[in-house]
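*Asks:* I'd like to ask you about the structure that follows.
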Amino acid sequence: MTTLRIEARRDAATGLFYLAIHMPADAPEPFVTTVPRYASAAAAEQDLVASITAAASRPR
């Protein structure tokens with residue numbers, strides 16, 4: 001089973017946070033990242049959870 005790691009990171013240029021998704025979890029570089037748009041790491045994590053919840057709740 002493939003595992004992944006999701007980290008909230010601060011962008012040095014803007015001071016905003018973005019999400020870095022590593023797949024597999026031990027990959028040294030992210031598979032994909034979001035744009036830096038979050039004021040805090042907590043906001044980035046909450047947006048991720050909300051996005052997953054919305055996608056999982058859509059009817060097929």
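In the structure tokens, chains take the letters A, B, ... in the order shown, each chain's residues start at 1, and ligands count up from 1 in the order shown.
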Do you know which residues are at most 10 Å from segment 25-42 of chain A counting only C-alpha atoms, after dropping those on the same chain fewer than 2 positions away, and could you put them as an NGL selection string?

*Replies:* :A and (2-23 or 44-48)

*Asks:* Can you check which residues of chain A DSSP gives as helix (DSSP H, G or I) on the backbone and send them as a VMD selection string?

*Replies:* chain A and resid 41 to 57

*Asks:* Write a file of the selected residues as a short mmCIF file (atom, residue, chain, number, x, y, z; two decimals), in the first residue's frame, keeping N, CA and C atoms.

*Replies:*
```
data_model
loop_
_atom_site.label_atom_id
_atom_site.label_comp_id
_atom_site.auth_asym_id
_atom_site.auth_seq_id
_atom_site.Cartn_x
_atom_site.Cartn_y
_atom_site.Cartn_z
N ALA A 41 -0.08 27.42 9.21
CA ALA A 41 -0.04 25.99 8.93
C ALA A 41 -1.39 25.35 9.26
N ALA A 42 -2.01 25.81 10.34
CA ALA A 42 -3.32 25.27 10.73
C ALA A 42 -4.36 25.54 9.65
N ALA A 43 -4.34 26.71 9.05
CA ALA A 43 -5.30 27.03 7.98
C ALA A 43 -5.09 26.12 6.78
N ALA A 44 -3.84 25.84 6.44
CA ALA A 44 -3.54 24.94 5.33
C ALA A 44 -4.07 23.54 5.60
N GLU A 45 -3.84 23.06 6.82
CA GLU A 45 -4.30 21.72 7.20
C GLU A 45 -5.83 21.64 7.22
N GLN A 46 -6.49 22.68 7.73
CA GLN A 46 -7.95 22.68 7.76
C GLN A 46 -8.54 22.70 6.35
N ASP A 47 -7.91 23.44 5.44
CA ASP A 47 -8.39 23.47 4.06
C ASP A 47 -8.24 22.11 3.40
N LEU A 48 -7.15 21.42 3.68
CA LEU A 48 -6.95 20.08 3.14
C LEU A 48 -8.03 19.13 3.63
N VAL A 49 -8.30 19.15 4.92
CA VAL A 49 -9.34 18.27 5.48
C VAL A 49 -10.70 18.61 4.88
N ALA A 50 -11.01 19.90 4.73
CA ALA A 50 -12.28 20.29 4.13
C ALA A 50 -12.38 19.83 2.68
N SER A 51 -11.29 19.92 1.93
CA SER A 51 -11.28 19.48 0.53
C SER A 51 -11.50 17.98 0.42
N ILE A 52 -10.84 17.21 1.26
CA ILE A 52 -11.00 15.76 1.24
C ILE A 52 -12.42 15.39 1.64
N THR A 53 -12.95 16.05 2.66
CA THR A 53 -14.32 15.76 3.12
C THR A 53 -15.33 16.07 2.01
N ALA A 54 -15.16 17.20 1.34
CA ALA A 54 -16.10 17.56 0.25
C ALA A 54 -16.02 16.55 -0.88
N ALA A 55 -14.82 16.14 -1.24
CA ALA A 55 -14.67 15.17 -2.33
C ALA A 55 -15.25 13.82 -1.96
N ALA A 56 -15.07 13.41 -0.73
CA ALA A 56 -15.58 12.12 -0.28
C ALA A 56 -17.11 12.14 -0.14
N SER A 57 -17.70 13.30 0.04
CA SER A 57 -19.14 13.41 0.25
C SER A 57 -19.93 13.55 -1.06
#
```

*Asks:* From a DSSP calculation on the backbone, collect every residue of chain A in strand (DSSP E) and output the set as a list in words.

*Replies:* Arg5, Ile6, Glu7, Ala8, Arg9, Arg10, Phe17, Tyr18, Leu19, Ala20, Ile21, His22, Val32 and Thr33 of chain A

*Asks:* Could you take the residues named above and write them with N, CA and C atoms, as a short mmCIF file (atom, residue, chain, number, x, y, z; two decimals), in the first residue's frame?

*Replies:*
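Produced file again.cif, reproduced below:
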```cif
data_model
loop_
_atom_site.label_atom_id
_atom_site.label_comp_id
_atom_site.auth_asym_id
_atom_site.auth_seq_id
_atom_site.Cartn_x
_atom_site.Cartn_y
_atom_site.Cartn_z
N ARG A 5 2.88 11.59 2.69
CA ARG A 5 3.15 12.52 3.79
C ARG A 5 2.75 13.90 3.31
N ILE A 6 2.02 14.63 4.14
CA ILE A 6 1.58 15.98 3.81
C ILE A 6 2.14 16.92 4.87
N GLU A 7 2.85 17.93 4.41
CA GLU A 7 3.45 18.90 5.32
C GLU A 7 3.02 20.31 4.96
N ALA A 8 2.73 21.11 5.96
CA ALA A 8 2.51 22.54 5.76
C ALA A 8 3.87 23.22 5.89
N ARG A 9 4.25 23.99 4.89
CA ARG A 9 5.55 24.67 4.89
C ARG A 9 5.36 26.15 4.63
N ARG A 10 6.28 26.94 5.17
CA ARG A 10 6.24 28.39 4.98
C ARG A 10 7.10 28.77 3.77
N PHE A 17 1.91 30.06 3.90
CA PHE A 17 2.11 28.61 3.97
C PHE A 17 1.53 27.92 2.74
N TYR A 18 2.10 26.77 2.42
CA TYR A 18 1.60 25.92 1.34
C TYR A 18 1.70 24.48 1.81
N LEU A 19 1.06 23.57 1.08
CA LEU A 19 1.11 22.15 1.40
C LEU A 19 2.04 21.45 0.43
N ALA A 20 2.89 20.60 0.97
CA ALA A 20 3.78 19.76 0.17
C ALA A 20 3.35 18.31 0.39
N ILE A 21 3.03 17.62 -0.69
CA ILE A 21 2.56 16.23 -0.61
C ILE A 21 3.64 15.32 -1.17
N HIS A 22 4.13 14.43 -0.32
CA HIS A 22 5.18 13.49 -0.69
C HIS A 22 4.58 12.11 -0.89
N VAL A 32 3.70 16.88 -5.31
CA VAL A 32 2.94 18.06 -5.73
C VAL A 32 2.90 19.05 -4.56
N THR A 33 2.77 20.33 -4.88
CA THR A 33 2.61 21.36 -3.85
C THR A 33 1.46 22.28 -4.24
#
```
